[in-house]
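Chemist: Just one file: upload12.cif, with mmCIF, C-alpha atoms.
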data_work
loop_
_atom_site.label_atom_id
_atom_site.label_comp_id
_atom_site.auth_asym_id
_atom_site.auth_seq_id
_atom_site.Cartn_x
_atom_site.Cartn_y
_atom_site.Cartn_z
CA MET A 235 0.00 0.00 0.00
CA SER A 236 1.40 3.36 -1.00
CA VAL A 237 2.07 6.16 1.45
CA LEU A 238 -0.52 8.33 -0.33
CA LEU A 239 -3.19 5.64 -0.06
CA ARG A 240 -2.44 5.09 3.63
CA SER A 241 -2.73 8.84 4.20
CA ILE A 242 -6.08 8.98 2.41
CA ILE A 243 -7.40 6.02 4.38
CA GLY A 244 -6.19 7.63 7.60
CA LEU A 245 -7.98 10.87 6.78
CA VAL A 246 -11.18 9.01 5.93
CA ILE A 247 -11.07 7.05 9.21
CA SER A 248 -10.35 10.23 11.18
CA ALA A 249 -13.20 12.09 9.48
CA ALA A 250 -15.56 9.17 10.13
CA ALA A 251 -14.57 9.09 13.80
CA THR A 252 -15.12 12.84 14.12
CA LEU A 253 -18.54 12.57 12.47
CA ALA A 254 -19.53 9.66 14.71
CA GLY A 255 -18.44 11.61 17.78
CA ALA A 256 -20.41 14.65 16.67
CA GLN A 257 -23.54 12.55 16.09
CA GLN A 258 -23.30 11.03 19.59
CA TYR A 259 -22.52 14.38 21.25
CA PRO A 260 -22.77 15.01 24.13
CA THR A 261 -21.85 11.90 26.13
CA HIS A 262 -20.59 13.67 29.27
CA ASN A 263 -20.54 17.05 31.02
CA VAL A 264 -20.20 20.24 28.99
CA TYR A 265 -18.14 23.03 30.58
CA MET A 266 -19.26 26.63 30.16
CA LEU A 267 -16.35 28.94 30.94
CA VAL A 268 -17.18 32.32 32.49
CA PRO A 269 -14.52 35.07 32.28
CA PHE A 270 -15.49 36.62 35.64
CA ALA A 271 -15.85 35.73 39.30
CA ALA A 272 -18.76 33.80 40.78
CA GLY A 273 -21.55 36.05 41.97
CA GLY A 274 -21.09 38.63 39.23
CA PRO A 275 -23.72 39.48 36.59
CA THR A 276 -22.27 37.36 33.76
CA ASP A 277 -21.95 34.45 36.17
CA THR A 278 -25.65 34.89 37.05
CA VAL A 279 -26.66 34.74 33.38
CA ALA A 280 -24.36 31.76 32.81
CA ARG A 281 -25.92 29.72 35.61
CA VAL A 282 -29.46 30.40 34.40
CA VAL A 283 -28.59 29.41 30.82
CA ALA A 284 -26.40 26.42 31.78
CA GLN A 285 -29.11 24.87 33.90
CA ALA A 286 -31.70 25.31 31.16
CA MET A 287 -29.41 23.94 28.41
CA ALA A 288 -28.74 20.76 30.38
CA LYS A 289 -32.19 19.32 29.65
CA PRO A 290 -32.12 19.47 25.82
CA LEU A 291 -28.47 18.34 25.79
CA GLY A 292 -29.14 15.48 28.19
CA GLN A 293 -25.95 16.27 30.11
CA THR A 294 -24.96 18.60 32.92
CA VAL A 295 -23.56 21.96 31.84
CA VAL A 296 -20.96 22.91 34.43
CA VAL A 297 -20.23 26.60 35.01
CA ASP A 298 -16.46 27.07 35.26
CA ASN A 299 -15.35 30.53 36.47
CA ARG A 300 -12.01 31.78 35.13
CA PRO A 301 -11.80 35.35 36.50
CA SER A 302 -9.08 37.68 35.24
CA ALA A 303 -8.55 41.33 34.42
CA GLY A 304 -10.63 42.11 31.36
CA GLY A 305 -11.94 38.56 31.23
CA ILE A 306 -9.22 37.31 28.89
CA LEU A 307 -8.26 33.96 30.48
CA ALA A 308 -11.53 32.17 29.70
CA PRO A 309 -11.45 33.02 25.96
CA GLU A 310 -7.80 31.94 25.81
CA ALA A 311 -8.70 28.63 27.44
CA VAL A 312 -11.60 28.03 25.06
CA LYS A 313 -9.50 28.96 22.04
CA ASN A 314 -6.95 26.31 23.07
CA ALA A 315 -9.53 23.68 24.08
CA LYS A 316 -10.25 20.59 22.01
CA PRO A 317 -12.92 21.56 19.42
CA ASP A 318 -15.40 18.88 20.44
CA GLY A 319 -18.18 20.94 22.03
CA TYR A 320 -17.35 20.05 25.62
CA THR A 321 -15.79 23.44 26.36
CA ILE A 322 -17.77 26.55 25.46
CA LEU A 323 -17.55 30.21 26.39
CA ILE A 324 -20.09 32.73 27.58
CA HIS A 325 -18.90 36.33 27.31
CA HIS A 326 -20.42 39.78 27.29
CA ILE A 327 -19.67 42.99 25.42
CA GLY A 328 -16.04 42.65 26.53
CA MET A 329 -15.52 40.18 23.68
CA ALA A 330 -15.90 43.18 21.35
CA THR A 331 -13.45 45.44 23.20
CA VAL A 332 -10.52 43.24 24.23
CA SER A 333 -8.81 43.41 20.85
CA THR A 334 -8.59 47.22 21.21
CA LEU A 335 -7.93 47.34 24.96
CA TYR A 336 -5.12 44.78 24.98
CA ARG A 337 -2.02 45.31 22.87
CA GLN A 338 -0.78 41.74 23.40
CA LEU A 339 -3.86 39.55 23.12
CA ARG A 340 -3.41 35.82 22.57
CA PHE A 341 -6.70 35.31 20.76
CA ASN A 342 -8.70 37.00 18.03
CA PRO A 343 -12.43 37.31 18.78
CA LEU A 344 -13.30 37.32 15.08
CA THR A 345 -11.21 34.37 13.88
CA ASP A 346 -10.48 32.01 16.78
CA PHE A 347 -14.01 30.89 17.67
CA GLU A 348 -17.13 29.30 16.31
CA TYR A 349 -20.26 31.29 17.08
CA ILE A 350 -23.33 29.81 18.78
CA GLY A 351 -25.65 32.77 19.30
CA LEU A 352 -26.78 35.84 21.20
CA ILE A 353 -28.41 35.33 24.60
CA ASN A 354 -29.67 38.53 26.17
CA GLU A 355 -29.08 42.23 26.64
CA VAL A 356 -28.84 43.81 30.06
CA PRO A 357 -29.11 47.51 30.93
CA MET A 358 -26.80 49.00 33.52
CA THR A 359 -27.41 51.20 36.53
CA ILE A 360 -25.46 54.05 38.06
CA VAL A 361 -25.38 53.16 41.75
CA ALA A 362 -23.62 54.52 44.84
CA ARG A 363 -22.82 53.59 48.43
CA PRO A 364 -25.87 53.77 50.69
CA ASN A 365 -24.76 56.98 52.45
CA PHE A 366 -23.75 58.89 49.30
CA PRO A 367 -24.91 62.51 49.85
CA ALA A 368 -26.70 63.14 46.50
CA LYS A 369 -30.45 62.49 46.47
CA ASP A 370 -30.96 62.52 42.68
CA LEU A 371 -29.00 62.51 39.41
CA LYS A 372 -28.70 66.29 39.26
CA GLU A 373 -27.09 66.43 42.71
CA PHE A 374 -25.03 63.32 41.90
CA LEU A 375 -23.47 64.88 38.81
CA ALA A 376 -22.83 68.17 40.60
CA TYR A 377 -21.12 66.34 43.47
CA ILE A 378 -18.89 64.27 41.18
CA LYS A 379 -17.80 67.28 39.17
CA ALA A 380 -17.03 69.26 42.31
CA ASN A 381 -15.15 66.35 43.92
CA LYS A 382 -13.66 64.57 40.91
CA ASP A 383 -10.27 64.20 42.63
CA LYS A 384 -11.84 62.60 45.71
CA VAL A 385 -14.68 60.36 44.57
CA SER A 386 -13.86 56.76 43.64
CA TYR A 387 -15.45 54.68 40.90
CA ALA A 388 -15.28 50.88 41.22
CA ASN A 389 -15.10 48.59 38.21
CA ALA A 390 -14.45 44.92 37.58
CA GLY A 391 -11.19 45.50 35.70
CA ILE A 392 -10.05 46.65 32.27
CA GLY A 393 -12.52 45.51 29.65
CA ALA A 394 -15.27 44.63 32.12
CA ALA A 395 -18.77 45.98 31.49
CA SER A 396 -18.42 48.32 34.46
CA HIS A 397 -15.16 49.68 33.02
CA LEU A 398 -16.76 50.34 29.61
CA CYS A 399 -19.79 51.99 31.18
CA GLY A 400 -17.47 54.16 33.27
CA MET A 401 -15.59 55.32 30.16
CA LEU A 402 -18.85 56.19 28.42
CA PHE A 403 -20.15 57.94 31.54
CA MET A 404 -16.99 60.05 31.89
CA SER A 405 -17.27 61.01 28.24
CA ALA A 406 -20.95 61.94 28.61
CA ILE A 407 -20.40 64.19 31.65
CA GLN A 408 -16.98 65.41 30.41
CA THR A 409 -15.39 64.69 33.78
CA ASP A 410 -12.64 62.27 34.75
CA PHE A 411 -12.62 60.62 38.17
CA LEU A 412 -10.57 58.11 40.14
CA THR A 413 -11.23 54.52 39.03
CA VAL A 414 -10.57 51.52 41.28
CA PRO A 415 -10.30 48.21 39.38
CA TYR A 416 -11.27 44.91 41.00
CA LYS A 417 -11.02 41.27 39.92
CA GLY A 418 -14.73 40.95 39.33
CA THR A 419 -18.01 42.72 39.99
CA GLY A 420 -18.70 40.72 43.16
CA PRO A 421 -15.71 42.14 45.10
CA ALA A 422 -16.43 45.63 43.74
CA MET A 423 -20.06 45.43 44.91
CA ASN A 424 -18.95 44.23 48.35
CA ASP A 425 -16.76 47.31 48.77
CA LEU A 426 -19.54 49.56 47.50
CA LEU A 427 -21.91 48.09 50.09
CA GLY A 428 -19.26 48.63 52.73
CA GLY A 429 -18.64 52.23 51.70
CA GLN A 430 -14.99 51.69 50.68
CA VAL A 431 -15.76 53.12 47.21
CA ASP A 432 -18.29 55.76 46.20
CA PHE A 433 -20.08 54.57 43.08
CA MET A 434 -20.08 52.21 40.11
CA CYS A 435 -22.00 51.29 36.97
CA ASP A 436 -23.20 47.71 37.01
CA GLN A 437 -25.67 45.45 35.27
CA THR A 438 -29.21 45.08 36.60
CA THR A 439 -28.49 41.37 36.97
CA SER A 440 -26.40 42.18 40.06
CA THR A 441 -27.89 45.48 41.27
CA THR A 442 -31.65 44.91 41.16
CA SER A 443 -31.94 43.07 44.49
CA GLN A 444 -29.53 45.51 46.18
CA ILE A 445 -31.54 48.49 44.91
CA LYS A 446 -34.88 47.00 45.97
CA SER A 447 -33.55 46.25 49.44
CA GLY A 448 -32.23 49.81 49.82
CA LYS A 449 -28.66 48.64 50.33
CA ILE A 450 -27.37 50.95 47.58
CA LYS A 451 -28.57 54.18 45.99
CA VAL A 452 -29.52 54.29 42.30
CA TYR A 453 -29.39 57.35 40.04
CA GLY A 454 -30.50 56.00 36.69
CA LEU A 455 -30.60 53.29 34.02
CA THR A 456 -28.34 53.29 30.96
CA SER A 457 -31.10 51.86 28.73
CA ALA A 458 -33.36 53.74 26.33
CA LYS A 459 -36.44 52.60 28.29
CA ARG A 460 -37.22 51.71 31.88
CA VAL A 461 -37.17 48.04 32.87
CA ALA A 462 -39.97 46.02 34.43
CA SER A 463 -37.86 44.93 37.40
CA LEU A 464 -37.16 48.57 38.40
CA PRO A 465 -40.22 50.50 37.19
CA ASP A 466 -39.56 53.52 39.43
CA VAL A 467 -35.95 54.02 38.29
CA PRO A 468 -35.74 56.57 35.45
CA THR A 469 -33.25 56.30 32.61
CA LEU A 470 -30.32 58.70 32.43
CA GLU A 471 -31.67 59.99 29.14
CA GLU A 472 -35.10 60.90 30.47
CA GLN A 473 -33.31 62.83 33.22
CA GLY A 474 -31.47 64.86 30.61
CA LEU A 475 -28.13 63.06 30.37
CA LYS A 476 -27.37 62.12 26.76
CA GLY A 477 -24.62 59.88 25.41
CA ALA A 478 -24.42 57.41 28.31
CA ASN A 479 -26.67 54.62 26.98
CA VAL A 480 -25.05 51.20 26.98
CA GLY A 481 -26.45 47.68 26.95
CA ILE A 482 -24.40 44.68 28.00
CA TRP A 483 -25.09 41.71 25.75
CA HIS A 484 -24.06 38.08 26.17
CA GLY A 485 -23.17 35.47 23.57
CA LEU A 486 -22.00 31.83 23.41
CA TYR A 487 -18.86 30.65 21.62
CA ALA A 488 -17.00 27.39 20.93
CA PRO A 489 -13.41 26.65 19.85
CA LYS A 490 -12.62 27.14 16.16
CA GLY A 491 -13.05 23.91 14.26
CA THR A 492 -15.87 22.52 16.38
CA PRO A 493 -17.88 20.29 13.97
CA LYS A 494 -21.05 21.85 12.57
CA PRO A 495 -23.31 19.04 13.88
CA VAL A 496 -22.04 19.85 17.40
CA ILE A 497 -22.57 23.59 16.89
CA ASP A 498 -26.07 22.85 15.60
CA LYS A 499 -26.87 20.89 18.78
CA LEU A 500 -25.53 23.69 20.96
CA VAL A 501 -27.57 26.27 19.02
CA SER A 502 -30.68 24.14 19.42
CA ALA A 503 -30.06 23.67 23.15
CA MET A 504 -29.47 27.40 23.65
CA GLN A 505 -32.66 28.26 21.75
CA ALA A 506 -34.63 25.77 23.83
CA ALA A 507 -33.20 27.29 27.01
CA LEU A 508 -34.09 30.83 25.93
CA ALA A 509 -37.63 29.73 25.08
CA ASP A 510 -38.10 28.36 28.61
CA PRO A 511 -40.67 30.50 30.49
CA GLU A 512 -38.71 30.11 33.73
CA VAL A 513 -35.56 31.47 32.07
CA ASN A 514 -37.41 34.47 30.71
CA LYS A 515 -39.09 35.05 34.07
CA ARG A 516 -35.69 35.03 35.75
CA PHE A 517 -34.21 37.38 33.13
CA THR A 518 -37.16 39.76 33.55
CA GLU A 519 -36.62 39.80 37.31
CA LEU A 520 -33.01 40.78 36.65
CA GLY A 521 -33.91 43.47 34.11
CA ALA A 522 -32.50 41.48 31.18
CA VAL A 523 -34.14 41.10 27.77
CA THR A 524 -33.76 37.88 25.77
CA PHE A 525 -32.70 38.38 22.16
CA PRO A 526 -35.40 37.31 19.66
CA LYS A 527 -35.00 33.87 18.12
CA ASP A 528 -33.71 35.27 14.81
CA LYS A 529 -30.67 36.55 16.76
CA GLN A 530 -30.07 33.28 18.60
CA ASN A 531 -27.78 31.83 15.93
CA PRO A 532 -24.13 31.93 14.79
CA ALA A 533 -24.58 34.45 11.94
CA ALA A 534 -26.34 36.97 14.17
CA LEU A 535 -23.67 36.75 16.88
CA GLN A 536 -20.88 37.14 14.33
CA ALA A 537 -22.50 40.24 12.80
CA HIS A 538 -23.27 41.75 16.21
CA LEU A 539 -19.72 41.19 17.46
CA LYS A 540 -18.22 42.86 14.37
CA ALA A 541 -20.56 45.85 14.69
CA GLU A 542 -19.71 46.26 18.39
CA ILE A 543 -15.96 46.11 17.70
CA ASP A 544 -16.39 48.89 15.15
CA LYS A 545 -18.46 50.92 17.64
CA TRP A 546 -16.16 50.69 20.68
CA ALA A 547 -12.69 50.81 19.09
CA PRO A 548 -12.75 54.58 18.37
CA LEU A 549 -14.03 55.38 21.89
CA ILE A 550 -11.35 53.28 23.58
CA LYS A 551 -8.60 54.74 21.40
CA LYS A 552 -9.79 58.26 22.15
CA ALA A 553 -9.82 57.56 25.89
CA GLY A 554 -6.36 56.01 25.68
CA GLN A 555 -7.21 53.39 28.31
CA TYR A 556 -5.20 50.33 27.40
CA ALA A 557 -3.97 47.26 29.26
CA ASP A 558 -0.62 45.58 28.70
#
The structure given in the file should be rewritten as structure tokens.

Modeler:
Amino acid sequence: MSVLLRSIIGLVISAAATLAGAQQYPTHNVYMLVPFAAGGPTDTVARVVAQAMAKPLGQTVVVDNRPSAGGILAPEAVKNAKPDGYTILIHHIGMATVSTLYRQLRFNPLTDFEYIGLINEVPMTIVARPNFPAKDLKEFLAYIKANKDKVSYANAGIGAASHLCGMLFMSAIQTDFLTVPYKGTGPAMNDLLGGQVDFMCDQTTSTTSQIKSGKIKVYGLTSAKRVASLPDVPTLEEQGLKGANVGIWHGLYAPKGTPKPVIDKLVSAMQAALADPEVNKRFTELGAVTFPKDKQNPAALQAHLKAEIDKWAPLIKKAGQYAD
């Protein structure tokens, strides 16, 4: 048998094995990597979706937190994972900003992943420590501008949603202030509750319960419209502040080269999860809005990611806020 023939046979056998594996997928746990700490807003979304996807997949979907500055370790791990569908990534808007924020990034969001689909969009809230002196947005903005060298703004690290919202907020009010980065939203929120920092911008998925319980003060939503979970909280725009609207969206990704039959099963499982009334009830309670079904697919996520990269790159470059 010639070397060429042996090579062809080997390729055929390998392809057949890959196809058989894809058809049987999944046969054991699927790991959903989260780029941020447990207890944060993206972690909350991940746990809701993972639990709901387990039923259509017939296997447990394990949430695996890989917190790091800017949320870059989880995408790196998924990029380097075996492309068999057993390691997937959930990420938010940060997937569209890391390539501009980080000069030495070891993955390319546009070329190193297979896309699964868009999950939901979450508005953000401007919140402050419970004893912050301002009673409304007007007083809040006046206080920040008068004390810009003293007030402290917490965020979950370079590239985190809270960091991006902070940049947009500073641009909108034309005032810079001291930023204090943390390794996740959970630790930042703990210090806000304890009064160690003054204010932050965070997703409704992690602020709604704190706002309702009166543990933190809220000054406005970054969405175009009010949300059902916080009907009495006005948007920044309706209070007269323009240019600070931002929505934090989430999407699912797999390693490049994951077989299409596997991607198709993951897309189907995600769509089934997002159609679950309990999932939508939970998202509504958190102020999140599920993307319509025509956005819950690979093509929609790819197009959305590209559009968001184009949107945020000029803002980040203008601000000059980069990580090494």

Chemist: Fewer than 5 positions away in the same chain doesn't count, so skip those; otherwise give me all residues within 10 Å of Lys494 in chain A, counting all atoms listed in the file, as a PDB file with C-alpha atoms, in the coordinates of the input.

Modeler:
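Output (selection.pdb):
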ATOM      1  CA  LEU A 253     -18.540  12.570  12.470  1.00  0.00           C
ATOM      2  CA  ALA A 256     -20.410  14.650  16.670  1.00  0.00           C
ATOM      3  CA  GLY A 319     -18.180  20.940  22.030  1.00  0.00           C
ATOM      4  CA  GLU A 348     -17.130  29.300  16.310  1.00  0.00           C
ATOM      5  CA  LYS A 499     -26.870  20.890  18.780  1.00  0.00           C
ATOM      6  CA  LEU A 500     -25.530  23.690  20.960  1.00  0.00           C
TER       7      LEU A 500
END

Chemist: Could you give me, as a PDB file with C-alpha atoms, in the frame of the given file, the residues within 12 Å of Asp277 in chain A, counting all atoms listed in the file and dropping anything in the same chain fewer than 2 positions from it?

Modeler:
ATOM      1  CA  MET A 266     -19.260  26.630  30.160  1.00  0.00           C
ATOM      2  CA  LEU A 267     -16.350  28.940  30.940  1.00  0.00           C
ATOM      3  CA  VAL A 268     -17.180  32.320  32.490  1.00  0.00           C
ATOM      4  CA  PRO A 269     -14.520  35.070  32.280  1.00  0.00           C
ATOM      5  CA  PHE A 270     -15.490  36.620  35.640  1.00  0.00           C
ATOM      6  CA  ALA A 271     -15.850  35.730  39.300  1.00  0.00           C
ATOM      7  CA  ALA A 272     -18.760  33.800  40.780  1.00  0.00           C
ATOM      8  CA  GLY A 273     -21.550  36.050  41.970  1.00  0.00           C
ATOM      9  CA  GLY A 274     -21.090  38.630  39.230  1.00  0.00           C
ATOM     10  CA  PRO A 275     -23.720  39.480  36.590  1.00  0.00           C
ATOM     11  CA  VAL A 279     -26.660  34.740  33.380  1.00  0.00           C
ATOM     12  CA  ALA A 280     -24.360  31.760  32.810  1.00  0.00           C
ATOM     13  CA  ARG A 281     -25.920  29.720  35.610  1.00  0.00           C
ATOM     14  CA  VAL A 282     -29.460  30.400  34.400  1.00  0.00           C
ATOM     15  CA  VAL A 283     -28.590  29.410  30.820  1.00  0.00           C
ATOM     16  CA  ALA A 284     -26.400  26.420  31.780  1.00  0.00           C
ATOM     17  CA  VAL A 296     -20.960  22.910  34.430  1.00  0.00           C
ATOM     18  CA  VAL A 297     -20.230  26.600  35.010  1.00  0.00           C
ATOM     19  CA  ASP A 298     -16.460  27.070  35.260  1.00  0.00           C
ATOM     20  CA  ASN A 299     -15.350  30.530  36.470  1.00  0.00           C
ATOM     21  CA  ARG A 300     -12.010  31.780  35.130  1.00  0.00           C
ATOM     22  CA  PRO A 301     -11.800  35.350  36.500  1.00  0.00           C
ATOM     23  CA  GLY A 305     -11.940  38.560  31.230  1.00  0.00           C
ATOM     24  CA  LEU A 323     -17.550  30.210  26.390  1.00  0.00           C
ATOM     25  CA  ILE A 324     -20.090  32.730  27.580  1.00  0.00           C
ATOM     26  CA  HIS A 325     -18.900  36.330  27.310  1.00  0.00           C
ATOM     27  CA  HIS A 326     -20.420  39.780  27.290  1.00  0.00           C
ATOM     28  CA  GLY A 418     -14.730  40.950  39.330  1.00  0.00           C
ATOM     29  CA  THR A 419     -18.010  42.720  39.990  1.00  0.00           C
ATOM     30  CA  GLY A 420     -18.700  40.720  43.160  1.00  0.00           C
ATOM     31  CA  GLN A 437     -25.670  45.450  35.270  1.00  0.00           C
ATOM     32  CA  THR A 439     -28.490  41.370  36.970  1.00  0.00           C
ATOM     33  CA  SER A 440     -26.400  42.180  40.060  1.00  0.00           C
ATOM     34  CA  HIS A 484     -24.060  38.080  26.170  1.00  0.00           C
TER      35      HIS A 484
END

Chemist: For this structure, which residues satisfy the selection - the PyMOL selection byres ((chain A and resi 315) around 12) - when it is evaluated on the file as given? I want them as number ranges by chain.

Modeler: A: 265-267, 308-314, 316-323, 346-347, 487-492

Chemist: Give me, as a PyMOL selection string, all polymer residues having an atom no more than 7 Å from Lys449 in chain A, counting only C-alpha atoms and skipping those fewer than 2 positions away in the same chain.

Modeler: chain A and resi 364+427+444-445+447

Chemist: Give me a file of those residues, with C-alpha atoms, as a PDB file, in the coordinates of the input.

Modeler:
ATOM      1  CA  PRO A 364     -25.870  53.770  50.690  1.00  0.00           C
ATOM      2  CA  LEU A 427     -21.910  48.090  50.090  1.00  0.00           C
ATOM      3  CA  GLN A 444     -29.530  45.510  46.180  1.00  0.00           C
ATOM      4  CA  ILE A 445     -31.540  48.490  44.910  1.00  0.00           C
ATOM      5  CA  SER A 447     -33.550  46.250  49.440  1.00  0.00           C
TER       6      SER A 447
END

Chemist: Kindly give the distance, in Å, that separates CA of Ser302 in chain A and CA of Gly393 in chain A, rounded to a single decimal.

Modeler: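 Spanning CA of Ser302 in chain A to CA of Gly393 in chain A is a straight-line distance of 10.2 Å.
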
Chemist: I'd like to know which of A:Thr524, A:Gln285, A:Ser443, A:Thr334 is closest to Trp483 in chain A, using all atoms listed in the file.

Modeler: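 With all atoms listed in the file as the atom set, the closest residue is A:Thr524.
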
Chemist: Evaluated on this file, the PyMOL selection byres ((chain A and resi 367) around 12) picks out some residues - which ones are they, written as JSON, numbers by chain?

Modeler: {"A": [362, 363, 364, 365, 366, 368, 369, 370, 371, 372, 373, 374, 375, 376, 377, 378, 385, 432, 433, 451, 453]}

Chemist: Could you save the residues just selected, with C-alpha atoms, as a JSON list (two decimals), in the frame of the given file?

Modeler:
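That gives us out_39.json:
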[["chain", "number", "residue", "atom", "x", "y", "z"],
["A", 362, "ALA", "CA", -23.62, 54.52, 44.84],
["A", 363, "ARG", "CA", -22.82, 53.59, 48.43],
["A", 364, "PRO", "CA", -25.87, 53.77, 50.69],
["A", 365, "ASN", "CA", -24.76, 56.98, 52.45],
["A", 366, "PHE", "CA", -23.75, 58.89, 49.30],
["A", 368, "ALA", "CA", -26.70, 63.14, 46.50],
["A", 369, "LYS", "CA", -30.45, 62.49, 46.47],
["A", 370, "ASP", "CA", -30.96, 62.52, 42.68],
["A", 371, "LEU", "CA", -29.00, 62.51, 39.41],
["A", 372, "LYS", "CA", -28.70, 66.29, 39.26],
["A", 373, "GLU", "CA", -27.09, 66.43, 42.71],
["A", 374, "PHE", "CA", -25.03, 63.32, 41.90],
["A", 375, "LEU", "CA", -23.47, 64.88, 38.81],
["A", 376, "ALA", "CA", -22.83, 68.17, 40.60],
["A", 377, "TYR", "CA", -21.12, 66.34, 43.47],
["A", 378, "ILE", "CA", -18.89, 64.27, 41.18],
["A", 385, "VAL", "CA", -14.68, 60.36, 44.57],
["A", 432, "ASP", "CA", -18.29, 55.76, 46.20],
["A", 433, "PHE", "CA", -20.08, 54.57, 43.08],
["A", 451, "LYS", "CA", -28.57, 54.18, 45.99],
["A", 453, "TYR", "CA", -29.39, 57.35, 40.04]]

Chemist: Which one is closest to Lys551 in chain A: A:Met423, A:Gln293, A:Asn263, A:Arg337? Count all atoms listed in the file.

Modeler: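 Using all atoms listed in the file, Lys551 in chain A sits closest to A:Arg337.
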
Chemist: Smallest atom-to-atom distance to Gln473 in chain A: which of A:Tyr336, A:Gly454, A:Ala380, A:Arg460, using only C-alpha atoms?

Modeler: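 Smallest distance to Gln473 in chain A is found for A:Gly454.
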
Chemist: Find the residue from A:Asn531, A:Gln408, A:Thr359, A:Ser386 that sits nearest to Ile497 in chain A; use all atoms listed in the file when measuring.

Modeler: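 The answer is A:Asn531, which sits nearest to Ile497 in chain A.
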
Chemist: Mind pulling up the distance from CA of Gly521 in chain A to CA of Leu335 in chain A?

Modeler: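 Rounded to one decimal, the two atoms are 27.8 Å apart.
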
Chemist: Within 12 Å of (-35.3, 56.4, 37.1), all atoms listed in the file: residues as an MDAnalysis selection string?

Modeler: chainID A and resid 358:361 370:371 445 451:475

Chemist: Ranking A:Ile550, A:Phe411, A:Pro357, A:Gln258 by minimum distance to Pro495 in chain A and counting only C-alpha atoms, which one comes first?

Modeler: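 Going through A:Ile550, A:Phe411, A:Pro357, A:Gln258 one by one, the smallest distance to Pro495 in chain A is for A:Gln258.
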
Chemist: What is the CA of Lys384 in chain A-CA of Ala478 in chain A distance in Å, reported with one decimal?

Modeler: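 Computing the Euclidean distance for CA of Lys384 in chain A and CA of Ala478 in chain A yields 22.1 Å.
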